[in-house]
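Containing JSON, C-alpha atoms: coords21.json.
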[["chain", "number", "residue", "atom", "x", "y", "z"],
["A", 1, "MET", "CA", -26.92, 0.76, -11.47],
["A", 2, "PRO", "CA", -23.85, 1.00, -9.19],
["A", 3, "LYS", "CA", -20.81, 3.05, -10.19],
["A", 4, "PHE", "CA", -18.25, 0.26, -9.76],
["A", 5, "SER", "CA", -18.12, -3.50, -10.06],
["A", 6, "VAL", "CA", -15.40, -4.79, -7.74],
["A", 7, "ILE", "CA", -13.87, -7.85, -9.42],
["A", 8, "ILE", "CA", -12.49, -10.46, -6.98],
["A", 9, "PRO", "CA", -11.16, -13.85, -8.16],
["A", 10, "LEU", "CA", -11.02, -16.41, -5.35],
["A", 11, "TYR", "CA", -8.92, -19.56, -5.13],
["A", 12, "ASN", "CA", -7.93, -21.11, -1.80],
["A", 13, "LYS", "CA", -7.74, -17.83, 0.12],
["A", 14, "GLU", "CA", -9.64, -18.95, 3.22],
["A", 15, "ARG", "CA", -7.12, -17.17, 5.44],
["A", 16, "ASP", "CA", -7.26, -13.82, 3.64],
["A", 17, "ILE", "CA", -10.63, -13.25, 1.95],
["A", 18, "GLU", "CA", -12.51, -11.89, 4.97],
["A", 19, "MET", "CA", -9.86, -9.19, 5.55],
["A", 20, "THR", "CA", -9.95, -8.27, 1.85],
["A", 21, "LEU", "CA", -13.74, -8.02, 1.80],
["A", 22, "SER", "CA", -13.75, -6.01, 5.03],
["A", 23, "SER", "CA", -11.56, -3.43, 3.31],
["A", 24, "VAL", "CA", -14.21, -3.10, 0.57],
["A", 25, "PHE", "CA", -17.06, -2.84, 3.06],
["A", 26, "ALA", "CA", -15.15, 0.01, 4.77],
["A", 27, "GLN", "CA", -15.00, 2.19, 1.64],
["A", 28, "THR", "CA", -16.10, 5.81, 1.98],
["A", 29, "PHE", "CA", -17.54, 5.55, -1.56],
["A", 30, "THR", "CA", -20.29, 2.95, -1.28],
["A", 31, "ASP", "CA", -21.90, 2.84, -4.73],
["A", 32, "TYR", "CA", -20.56, -0.54, -5.84],
["A", 33, "GLU", "CA", -21.30, -4.23, -6.32],
["A", 34, "ILE", "CA", -18.81, -7.02, -5.63],
["A", 35, "VAL", "CA", -18.54, -9.70, -8.34],
["A", 36, "LEU", "CA", -16.75, -12.53, -6.56],
["A", 37, "VAL", "CA", -15.91, -15.71, -8.48],
["A", 38, "ASP", "CA", -14.68, -18.85, -6.73],
["A", 39, "ASP", "CA", -12.33, -20.62, -9.15],
["A", 40, "GLY", "CA", -12.82, -24.15, -7.83],
["A", 41, "SER", "CA", -11.36, -23.61, -4.37],
["A", 42, "THR", "CA", -10.63, -26.77, -2.37],
["A", 43, "ASP", "CA", -10.44, -25.08, 1.04],
["A", 44, "GLY", "CA", -13.06, -23.15, 3.02],
["A", 45, "SER", "CA", -12.89, -19.93, 0.97],
["A", 46, "ALA", "CA", -16.44, -20.19, -0.37],
["A", 47, "ALA", "CA", -17.83, -20.95, 3.08],
["A", 48, "VAL", "CA", -16.21, -17.80, 4.49],
["A", 49, "VAL", "CA", -17.83, -15.67, 1.77],
["A", 50, "LYS", "CA", -21.25, -17.27, 2.20],
["A", 51, "SER", "CA", -21.10, -16.82, 5.98],
["A", 52, "LEU", "CA", -20.85, -13.05, 5.51],
["A", 53, "ASN", "CA", -24.17, -12.99, 3.63],
["A", 54, "HIS", "CA", -23.44, -9.46, 2.43],
["A", 55, "PRO", "CA", -26.00, -7.86, 0.09],
["A", 56, "LYS", "CA", -23.37, -6.28, -2.17],
["A", 57, "ILE", "CA", -21.73, -9.62, -3.03],
["A", 58, "VAL", "CA", -22.77, -11.37, -6.24],
["A", 59, "PHE", "CA", -21.16, -14.81, -5.84],
["A", 60, "TYR", "CA", -20.34, -17.28, -8.61],
["A", 61, "THR", "CA", -18.58, -20.64, -8.51],
["A", 62, "LYS", "CA", -16.96, -22.51, -11.40],
["A", 63, "LYS", "CA", -14.34, -25.14, -12.11],
["A", 64, "ASN", "CA", -10.68, -24.19, -11.69],
["A", 65, "GLU", "CA", -9.43, -22.39, -14.81],
["A", 66, "GLY", "CA", -6.85, -19.92, -13.52],
["A", 67, "VAL", "CA", -6.91, -16.27, -12.53],
["A", 68, "ALA", "CA", -7.06, -14.76, -16.04],
["A", 69, "LEU", "CA", -10.22, -16.58, -17.13],
["A", 70, "THR", "CA", -11.72, -16.02, -13.68],
["A", 71, "ARG", "CA", -11.24, -12.26, -13.87],
["A", 72, "ASN", "CA", -12.56, -12.20, -17.44],
["A", 73, "PHE", "CA", -15.64, -14.20, -16.40],
["A", 74, "ALA", "CA", -16.28, -11.82, -13.49],
["A", 75, "VAL", "CA", -16.09, -8.79, -15.78],
["A", 76, "SER", "CA", -18.61, -10.42, -18.13],
["A", 77, "LYS", "CA", -21.04, -10.57, -15.19],
["A", 78, "ALA", "CA", -20.47, -6.95, -14.08],
["A", 79, "VAL", "CA", -23.46, -4.65, -14.49],
["A", 80, "THR", "CA", -21.53, -1.34, -14.32],
["A", 81, "ASN", "CA", -19.48, 0.75, -16.73],
["A", 82, "HIS", "CA", -16.35, 0.63, -14.53],
["A", 83, "VAL", "CA", -14.63, -2.48, -13.17],
["A", 84, "ALA", "CA", -12.12, -2.20, -10.32],
["A", 85, "PHE", "CA", -9.94, -5.22, -9.62],
["A", 86, "LEU", "CA", -9.00, -6.59, -6.21],
["A", 87, "ASP", "CA", -7.16, -9.84, -5.52],
["A", 88, "ALA", "CA", -8.46, -11.97, -2.66],
["A", 89, "ASP", "CA", -5.44, -11.39, -0.41],
["A", 90, "ASP", "CA", -4.93, -7.67, -1.02],
["A", 91, "TYR", "CA", -6.33, -4.65, 0.82],
["A", 92, "TRP", "CA", -7.91, -1.30, 0.02],
["A", 93, "HIS", "CA", -7.63, 1.71, 2.27],
["A", 94, "PRO", "CA", -11.06, 3.28, 2.93],
["A", 95, "ASN", "CA", -10.49, 6.04, 0.34],
["A", 96, "HIS", "CA", -9.64, 3.76, -2.61],
["A", 97, "LEU", "CA", -12.91, 3.83, -4.55],
["A", 98, "GLU", "CA", -13.25, 7.53, -3.72],
["A", 99, "ASN", "CA", -9.76, 8.03, -5.16],
["A", 100, "LEU", "CA", -10.74, 6.21, -8.36],
["A", 101, "ASN", "CA", -14.06, 8.04, -8.57],
["A", 102, "ASN", "CA", -12.28, 11.41, -8.34],
["A", 103, "LEU", "CA", -10.12, 10.38, -11.30],
["A", 104, "ILE", "CA", -13.18, 9.38, -13.32],
["A", 105, "LEU", "CA", -14.92, 12.66, -12.52],
["A", 106, "GLN", "CA", -11.86, 14.66, -13.55],
["A", 107, "PHE", "CA", -11.17, 12.60, -16.70],
["A", 108, "PRO", "CA", -14.58, 11.22, -17.74],
["A", 109, "ASP", "CA", -13.47, 10.34, -21.26],
["A", 110, "ASN", "CA", -10.50, 8.27, -20.13],
["A", 111, "SER", "CA", -10.51, 4.49, -20.57],
["A", 112, "TRP", "CA", -8.44, 3.26, -17.61],
["A", 113, "PHE", "CA", -7.39, 4.54, -14.22],
["A", 114, "ALA", "CA", -5.00, 3.61, -11.42],
["A", 115, "THR", "CA", -3.93, 4.78, -7.99],
["A", 116, "ALA", "CA", -0.63, 4.56, -6.17],
["A", 117, "TYR", "CA", -0.13, 1.60, -3.87],
["A", 118, "GLU", "CA", 2.14, 0.29, -1.16],
["A", 119, "LYS", "CA", 3.76, -3.11, -0.69],
["A", 120, "LYS", "CA", 3.49, -5.17, 2.46],
["A", 121, "HIS", "CA", 6.62, -7.32, 2.36],
["A", 122, "ASN", "CA", 6.04, -8.72, 5.86],
["A", 123, "ASP", "CA", 4.77, -7.54, 9.25],
["A", 124, "GLN", "CA", 7.87, -5.37, 9.70],
["A", 125, "LEU", "CA", 8.02, -3.72, 6.28],
["A", 126, "ILE", "CA", 5.48, -1.75, 4.23],
["A", 127, "THR", "CA", 6.93, 0.46, 1.49],
["A", 128, "PRO", "CA", 5.39, 2.88, -1.04],
["A", 129, "MET", "CA", 5.67, 2.08, -4.73],
["A", 130, "ILE", "CA", 8.73, 3.57, -6.40],
["A", 131, "SER", "CA", 8.26, 5.74, -9.50],
["A", 132, "PRO", "CA", 9.26, 9.27, -10.57],
["A", 133, "ILE", "CA", 5.56, 10.10, -10.61],
["A", 134, "MET", "CA", 5.50, 9.80, -6.81],
["A", 135, "GLU", "CA", 7.86, 12.76, -6.32],
["A", 136, "SER", "CA", 5.06, 15.36, -6.33],
["A", 137, "SER", "CA", 2.49, 15.23, -3.55],
["A", 138, "ASN", "CA", -1.23, 14.77, -4.24],
["A", 139, "TRP", "CA", -0.81, 14.65, -8.03],
["A", 140, "GLN", "CA", -3.38, 13.25, -10.40],
["A", 141, "GLY", "CA", -3.45, 13.52, -14.15],
["A", 142, "ILE", "CA", -2.89, 11.84, -17.49],
["A", 143, "VAL", "CA", 0.44, 10.01, -17.65],
["A", 144, "ASP", "CA", 2.60, 11.16, -20.54],
["A", 145, "ASN", "CA", 4.31, 7.79, -21.05],
["A", 146, "TYR", "CA", 3.26, 4.77, -19.01],
["A", 147, "PHE", "CA", 6.54, 2.90, -19.53],
["A", 148, "LYS", "CA", 8.77, 5.81, -18.53],
["A", 149, "HIS", "CA", 7.18, 5.84, -15.08],
["A", 150, "SER", "CA", 7.03, 2.03, -14.63],
["A", 151, "LEU", "CA", 10.72, 1.08, -14.72],
["A", 152, "ILE", "CA", 10.96, 0.23, -11.00],
["A", 153, "ASP", "CA", 7.39, -0.40, -9.86],
["A", 154, "ALA", "CA", 4.71, -0.44, -12.53],
["A", 155, "LEU", "CA", 2.09, 2.32, -12.35],
["A", 156, "ALA", "CA", -0.64, -0.27, -12.90],
["A", 157, "TRP", "CA", -1.07, -3.05, -10.39],
["A", 158, "THR", "CA", -4.07, -5.34, -10.41],
["A", 159, "SER", "CA", -5.60, -4.36, -7.06],
["A", 160, "ALA", "CA", -5.30, -0.64, -7.78],
["A", 161, "VAL", "CA", -6.49, -0.45, -11.38],
["A", 162, "CYS", "CA", -9.90, 0.32, -12.89],
["A", 163, "PHE", "CA", -11.10, -0.07, -16.49],
["A", 164, "ARG", "CA", -14.08, 1.09, -18.40],
["A", 165, "LYS", "CA", -15.76, -2.24, -19.06],
["A", 166, "ASP", "CA", -16.03, -1.60, -22.79],
["A", 167, "PHE", "CA", -12.30, -0.78, -22.99],
["A", 168, "PHE", "CA", -11.39, -3.95, -21.09],
["A", 169, "THR", "CA", -13.59, -5.97, -23.44],
["A", 170, "SER", "CA", -12.04, -4.35, -26.51],
["A", 171, "LEU", "CA", -8.62, -5.53, -25.28],
["A", 172, "HIS", "CA", -10.01, -9.08, -24.84],
["A", 173, "GLY", "CA", -9.15, -8.96, -21.15],
["A", 174, "PHE", "CA", -6.38, -10.97, -19.52],
["A", 175, "ASP", "CA", -4.55, -13.49, -21.70],
["A", 176, "HIS", "CA", -5.35, -16.90, -20.18],
["A", 177, "THR", "CA", -2.49, -18.60, -22.04],
["A", 178, "ILE", "CA", -0.15, -16.81, -19.60],
["A", 179, "THR", "CA", -0.39, -18.71, -16.32],
["A", 180, "ASN", "CA", 0.38, -18.56, -12.60],
["A", 181, "GLY", "CA", 1.48, -14.94, -12.35],
["A", 182, "ALA", "CA", 3.95, -15.12, -15.24],
["A", 183, "GLY", "CA", 2.92, -11.81, -16.77],
["A", 184, "GLU", "CA", -0.89, -11.93, -17.20],
["A", 185, "ASP", "CA", -1.12, -8.49, -15.62],
["A", 186, "THR", "CA", 1.94, -6.96, -17.29],
["A", 187, "ASP", "CA", 0.75, -8.09, -20.71],
["A", 188, "LEU", "CA", -2.62, -6.39, -20.24],
["A", 189, "TRP", "CA", -1.04, -3.17, -18.96],
["A", 190, "ILE", "CA", 1.16, -3.01, -22.07],
["A", 191, "ARG", "CA", -1.81, -3.48, -24.39],
["A", 192, "ALA", "CA", -3.84, -0.91, -22.45],
["A", 193, "ALA", "CA", -1.01, 1.64, -22.42],
["A", 194, "LEU", "CA", -0.48, 1.26, -26.16],
["A", 195, "ALA", "CA", -4.20, 1.79, -26.78],
["A", 196, "ALA", "CA", -4.97, 4.68, -24.38],
["A", 197, "PRO", "CA", -3.26, 6.93, -21.81],
["A", 198, "LEU", "CA", -3.55, 6.11, -18.11],
["A", 199, "ALA", "CA", -5.20, 8.50, -15.64],
["A", 200, "PHE", "CA", -3.29, 8.19, -12.37],
["A", 201, "SER", "CA", -3.49, 9.41, -8.78],
["A", 202, "ASN", "CA", -0.31, 9.25, -6.73],
["A", 203, "THR", "CA", -2.28, 9.14, -3.49],
["A", 204, "ILE", "CA", -1.71, 5.67, -2.05],
["A", 205, "SER", "CA", -5.01, 3.90, -1.44],
["A", 206, "ALA", "CA", -4.26, 0.18, -1.93],
["A", 207, "ARG", "CA", -1.89, -2.36, -0.41],
["A", 208, "HIS", "CA", -0.16, -5.25, -2.17],
["A", 209, "ASN", "CA", 0.01, -8.07, 0.34],
["A", 210, "LEU", "CA", 3.22, -9.89, -0.65],
["A", 211, "ASP", "CA", 2.98, -12.30, 2.29],
["A", 212, "GLY", "CA", -0.54, -13.49, 1.51],
["A", 213, "SER", "CA", -1.39, -17.19, 1.46],
["A", 214, "ASN", "CA", -1.31, -19.47, -1.60],
["A", 215, "ARG", "CA", 0.25, -16.86, -3.91],
["A", 216, "ILE", "CA", 0.37, -17.95, -7.56],
["A", 217, "SER", "CA", 3.69, -16.13, -7.99],
["A", 218, "HIS", "CA", 5.19, -18.85, -5.76],
["A", 219, "THR", "CA", 4.37, -21.48, -8.39],
["A", 220, "PRO", "CA", 7.60, -23.17, -9.60],
["A", 221, "THR", "CA", 8.99, -21.33, -12.64],
["A", 222, "LEU", "CA", 8.92, -24.35, -14.95],
["A", 223, "HIS", "CA", 5.20, -24.84, -14.22],
["A", 224, "ARG", "CA", 4.36, -21.35, -15.47],
["A", 225, "ASN", "CA", 3.71, -20.15, -19.02],
["A", 226, "PHE", "CA", 5.36, -16.74, -19.37],
["A", 227, "MET", "CA", 4.12, -13.83, -21.45],
["A", 228, "ASN", "CA", 5.78, -13.37, -24.84],
["A", 229, "VAL", "CA", 7.74, -10.14, -24.45],
["A", 230, "ASP", "CA", 8.61, -10.21, -28.16],
["A", 231, "ASN", "CA", 4.97, -9.47, -29.06],
["A", 232, "TYR", "CA", 5.74, -5.78, -28.52],
["A", 233, "ASN", "CA", 9.08, -5.45, -30.31],
["A", 234, "GLN", "CA", 7.55, -3.53, -33.21],
["A", 235, "GLN", "CA", 6.05, -0.86, -30.93],
["A", 236, "ALA", "CA", 9.26, -0.75, -28.88],
["A", 237, "ALA", "CA", 11.23, 0.23, -31.98],
["A", 238, "ASN", "CA", 9.52, 3.64, -31.75],
["A", 239, "ASP", "CA", 9.49, 3.99, -27.95],
["A", 240, "SER", "CA", 12.78, 3.70, -26.07],
["A", 241, "PHE", "CA", 10.94, 3.57, -22.72],
["A", 242, "LEU", "CA", 8.88, 0.58, -23.87],
["A", 243, "LYS", "CA", 12.08, -1.14, -25.05],
["A", 244, "LYS", "CA", 13.64, -0.57, -21.63],
["A", 245, "TYR", "CA", 10.48, -1.81, -19.91],
["A", 246, "LEU", "CA", 10.52, -4.99, -22.01],
["A", 247, "ASP", "CA", 14.21, -5.55, -21.28],
["A", 248, "LEU", "CA", 13.59, -5.23, -17.55],
["A", 249, "ASN", "CA", 10.94, -7.94, -17.85],
["A", 250, "ARG", "CA", 13.37, -10.07, -19.85],
["A", 251, "TYR", "CA", 15.89, -9.62, -17.04],
["A", 252, "SER", "CA", 13.33, -10.75, -14.44],
["A", 253, "PHE", "CA", 12.32, -13.79, -16.51],
["A", 254, "ALA", "CA", 15.98, -14.66, -17.18],
["A", 255, "ILE", "CA", 16.87, -14.66, -13.49],
["A", 256, "GLN", "CA", 13.84, -16.80, -12.63],
["A", 257, "HIS", "CA", 14.78, -19.40, -15.25],
["A", 258, "LYS", "CA", 18.42, -19.41, -14.19],
["A", 259, "LEU", "CA", 17.37, -20.12, -10.61],
["A", 260, "ALA", "CA", 15.14, -22.93, -11.91],
["A", 261, "GLY", "CA", 18.06, -24.53, -13.76],
["A", 262, "ASP", "CA", 16.67, -23.80, -17.24],
["A", 263, "LYS", "CA", 19.85, -22.55, -18.91],
["A", 264, "LYS", "CA", 18.40, -22.55, -22.42],
["A", 265, "THR", "CA", 15.51, -20.22, -21.58],
["A", 266, "PHE", "CA", 17.80, -18.08, -19.40],
["A", 267, "LYS", "CA", 20.11, -17.52, -22.38],
["A", 268, "LYS", "CA", 17.18, -16.77, -24.68],
["A", 269, "TYR", "CA", 16.02, -13.92, -22.46],
["A", 270, "ALA", "CA", 19.49, -12.68, -21.50],
["A", 271, "ASN", "CA", 20.73, -12.53, -25.11],
["A", 272, "GLN", "CA", 17.81, -10.29, -26.12],
["A", 273, "ILE", "CA", 18.53, -7.63, -23.49],
["A", 274, "ASP", "CA", 20.17, -4.36, -24.47],
["A", 275, "LEU", "CA", 22.51, -4.12, -21.48],
["A", 276, "LYS", "CA", 22.23, -0.32, -21.49],
["A", 277, "ASN", "CA", 18.60, -0.76, -20.45],
["A", 278, "ILE", "CA", 19.29, -2.55, -17.16],
["A", 279, "THR", "CA", 21.04, -1.38, -14.00],
["A", 280, "SER", "CA", 24.59, -2.20, -12.99],
["A", 281, "LYS", "CA", 23.16, -4.42, -10.24],
["A", 282, "GLN", "CA", 21.15, -6.34, -12.80],
["A", 283, "ARG", "CA", 24.12, -6.78, -15.15],
["A", 284, "PHE", "CA", 26.12, -8.08, -12.17],
["A", 285, "LEU", "CA", 23.42, -10.57, -11.18],
["A", 286, "LEU", "CA", 22.90, -11.91, -14.71],
["A", 287, "ASN", "CA", 26.48, -13.19, -14.72],
["A", 288, "LYS", "CA", 26.45, -14.82, -11.28],
["A", 289, "PRO", "CA", 26.10, -18.57, -10.63],
["A", 290, "VAL", "CA", 22.91, -20.00, -9.18],
["A", 291, "TRP", "CA", 24.38, -20.58, -5.72],
["A", 292, "MET", "CA", 25.29, -16.90, -5.45],
["A", 293, "LEU", "CA", 21.85, -15.76, -6.64],
["A", 294, "LYS", "CA", 20.25, -17.93, -3.96],
["A", 295, "LEU", "CA", 22.57, -16.42, -1.37],
["A", 296, "PHE", "CA", 21.54, -12.90, -2.43],
["A", 297, "LEU", "CA", 17.86, -13.92, -2.25],
["A", 298, "ASN", "CA", 18.37, -15.10, 1.33],
["A", 299, "ILE", "CA", 20.06, -11.80, 2.18],
["A", 300, "LYS", "CA", 17.12, -9.93, 0.63],
["A", 301, "VAL", "CA", 14.64, -11.87, 2.80],
["A", 302, "ILE", "CA", 16.66, -11.17, 5.95],
["A", 303, "ALA", "CA", 17.00, -7.46, 5.09],
["A", 304, "GLU", "CA", 13.25, -7.13, 4.56],
["A", 305, "LYS", "CA", 12.55, -8.83, 7.88],
["A", 306, "LEU", "CA", 14.79, -6.17, 9.44],
["A", 307, "GLY", "CA", 12.78, -3.42, 7.71],
["A", 308, "TRP", "CA", 14.83, -2.64, 4.58],
["A", 309, "ARG", "CA", 13.50, -3.03, 1.06],
["A", 310, "VAL", "CA", 16.09, -4.55, -1.28],
["A", 311, "THR", "CA", 15.59, -4.48, -5.07],
["A", 312, "SER", "CA", 17.85, -4.74, -8.11],
["A", 313, "PHE", "CA", 15.47, -2.44, -10.01],
["A", 314, "LYS", "CA", 16.88, 0.67, -8.35]]
Show me this structure written as structure tokens.
Amino acid sequence: MPKFSVIIPLYNKERDIEMTLSSVFAQTFTDYEIVLVDDGSTDGSAAVVKSLNHPKIVFYTKKNEGVALTRNFAVSKAVTNHVAFLDADDYWHPNHLENLNNLILQFPDNSWFATAYEKKHNDQLITPMISPIMESSNWQGIVDNYFKHSLIDALAWTSAVCFRKDFFTSLHGFDHTITNGAGEDTDLWIRAALAAPLAFSNTISARHNLDGSNRISHTPTLHRNFMNVDNYNQQAANDSFLKKYLDLNRYSFAIQHKLAGDKKTFKKYANQIDLKNITSKQRFLLNKPVWMLKLFLNIKVIAEKLGWRVTSFK
């Protein structure tokens, strides 16, 4: 039995999937299977995968049901004890599975694991994730409080996280009622962090490709079903870092709905935020009209094309 099952959901990623798979084939740690599920693609994605005819790929096709159910289905087909996720437009550096395996060897009783990652904003800008846990070099260990270290960039990101399969199953996987990148991942990370500590390596070994094709996060806001942040209010009453983490997500959801012209939902999120939990930049932006927010977004895009990361989370 292999050590890892690499879980790849595929939907209309004809342009990206070969690069993503090549990054898996290049891994220094080679004891893995790839469970790749085509979620009803309408382009040539499946043909690209089949043309590779790679022995490590176990390929399934099904009707389109969304990324959460597709990942959950793939995990149900995995034959290993550890499932490592990789989206079909992201990229692993050659040491990624080795990085995860070192964590598992050091913390064999742990339930979930993650590595540091970088973000490819465009061809001119690749930046490391931002978290206090990145300040020490070559650190790996058990994170004392997941939420404390995830207030700018989250420690867990889908293409750099690994679960024990039985732990993932006990959490009932990704919530498929949350759709189109509206918090499916964040919701699972919260549930996982509340159930078990995260083992983390701050060695960067994965890349988040923010300029990939057909990204679900580009789905119009009003066509997405967002996670219910209020589900975790009870736990947040005893964890100030979780409360701050939830408020930062409320801020993000509020801004998205304001830009979409949904004033009612914007106010719902904004009114629930403890303003002490968000930055001065974020408080400033919450009060600005839509035209000004769109102007700032355009400035952000231009700045990133010039090689500067711009974020209101820092």
Given all atoms listed in the file as the basis, pick out the residue of A:Thr177, A:Thr169, A:Ser76, A:Thr30 nearest to Lys3 (chain A).
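Of A:Thr177, A:Thr169, A:Ser76, A:Thr30, the one nearest Lys3 (chain A), counting all atoms listed in the file, is A:Thr30.
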Would you mind reading off the distance between CA of Gly307 (chain A) and CA of Gln124 (chain A), one decimal, in Å?
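Pair CA of Gly307 (chain A) / CA of Gln124 (chain A) returns 5.6 Å.
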Near region 77-89 of chain A, counting all atoms listed in the file, which residues have an atom at most 9 Å away, once you skip same-chain residues fewer than 5 positions from it, shown as a ChimeraX atom specification?
/A:1-11,13,15-21,32-35,71-72,97,100,112,158-166,168,208-213,215
Show which residues sit within 10 Å of Met134 (chain A), as a list of chain:residue names. Count all atoms listed in the file, and ignore same-chain residues fewer than 2 positions away.
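So the residues in contact are A:Ala116, A:Pro128, A:Met129, A:Ile130, A:Ser131, A:Pro132, A:Ser136, A:Ser137, A:Asn138, A:Trp139, A:His149, A:Leu155, A:Ser201, A:Asn202, A:Thr203, A:Ile204.
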For a test of reading the model, state the distance in Å between CA of Asp175 (chain A) and CA of Gly66 (chain A), rounded to one decimal.
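Between CA of Asp175 (chain A) and CA of Gly66 (chain A) the gap works out to 10.7 Å.
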Got a sec: who's within 8 Å of Trp92 (chain A), counting all atoms listed in the file, leaving out chain neighbours fewer than 6 positions off, as a ChimeraX atom specification?
/A:20,23-24,205-207
Would you mind telling me which residue in A:Pro94, A:Asn12, A:Val310, A:Asn233 lies nearest to Ala26 (chain A) when using all atoms listed in the file?
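Using all atoms listed in the file, Ala26 (chain A) sits closest to A:Pro94.
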State, in Å with one decimal place, the distance from CA of Leu286 (chain A) to CA of Lys314 (chain A).
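Separation between CA of Leu286 (chain A) and CA of Lys314 (chain A): 15.3 Å.
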Set the distance at 8 Å and use only C-alpha atoms: which residues neighbour Phe147 (chain A) once local chain neighbours fewer than 2 positions away are removed? I'd like the list as a list in words.
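Final neighbour list, sorted by chain and number: Asn145, His149, Ser150, Leu151, Ala154, Phe241, Leu242 and Tyr245 of chain A.
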Counting all atoms listed in the file, which residues come within 12 Å of (-19.3, -19.7, -1.6), with the point read in the file's coordinates, and could you list them as a PyMOL selection string?
chain A and resi 9-14+17+36-54+57-62
So which residues fall inside 6 Å of (-3.8, -15.3, -14.4) if we count all atoms listed in the file? Mind giving them as a list of chain:residue names?
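Protein, DNA and RNA residues close to (-3.8, -15.3, -14.4): A:Gly66, A:Val67, A:Ala68, A:Thr179, A:Asn180, A:Gly181, A:Glu184.
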If you keep C-alpha atoms, can you produce a file of those selected residues as a compact mmCIF listing (two decimals), keeping the file's coordinate frame?
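Printed below is out31.txt as written:
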# COMPACT_ATOMS: atom_id res chain seq x y z
CA GLY A 66 -6.85 -19.92 -13.52
CA VAL A 67 -6.91 -16.27 -12.53
CA ALA A 68 -7.06 -14.76 -16.04
CA THR A 179 -0.39 -18.71 -16.32
CA ASN A 180 0.38 -18.56 -12.60
CA GLY A 181 1.48 -14.94 -12.35
CA GLU A 184 -0.89 -11.93 -17.20
Using only C-alpha atoms, determine which residues lie at most 12 Å from region 290-304 of chain A, disregarding the query and same-chain residues fewer than 5 positions distant; provide the list as a PyMOL selection string.
chain A and resi 119-127+210-211+254-263+266+281-282+284-285+309-312
With only C-alpha atoms as the basis for distance, which of A:Ile178, A:Pro55, A:Phe29, A:Glu65 is at the shortest distance from Asn102 (chain A)?
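Checking each of A:Ile178, A:Pro55, A:Phe29, A:Glu65 against Asn102 (chain A), counting only C-alpha atoms, the winner is A:Phe29.
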Emit as JSON the padded axis-aligned box for all listed atoms of region 47-62 of chain A, 3 Å per side, with centre and edge lengths in Å to one decimal.
{"center_x": -21.1, "center_y": -14.4, "center_z": -2.7, "size_x": 15.8, "size_y": 22.2, "size_z": 23.4}
In terms of the shortest atom-to-atom distance over all atoms listed in the file, which of A:Leu188, A:Lys276, A:Ala195, A:Gly183 is closest to Asn249 (chain A)?
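Distance minimum relative to Asn249 (chain A) lands on A:Gly183.
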Restricting the calculation to all atoms listed in the file, which member of A:Trp189, A:Phe73, A:Phe200, A:Phe313 is positioned closest to Asn277 (chain A)?
A:Phe313
Can you work out which one of A:Leu194, A:Leu171, A:Ala199, A:Ala270 has the shortest atom-to-atom distance to Ala236 (chain A), counting all atoms listed in the file?
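Under the stated criterion, the closest residue is A:Leu194.
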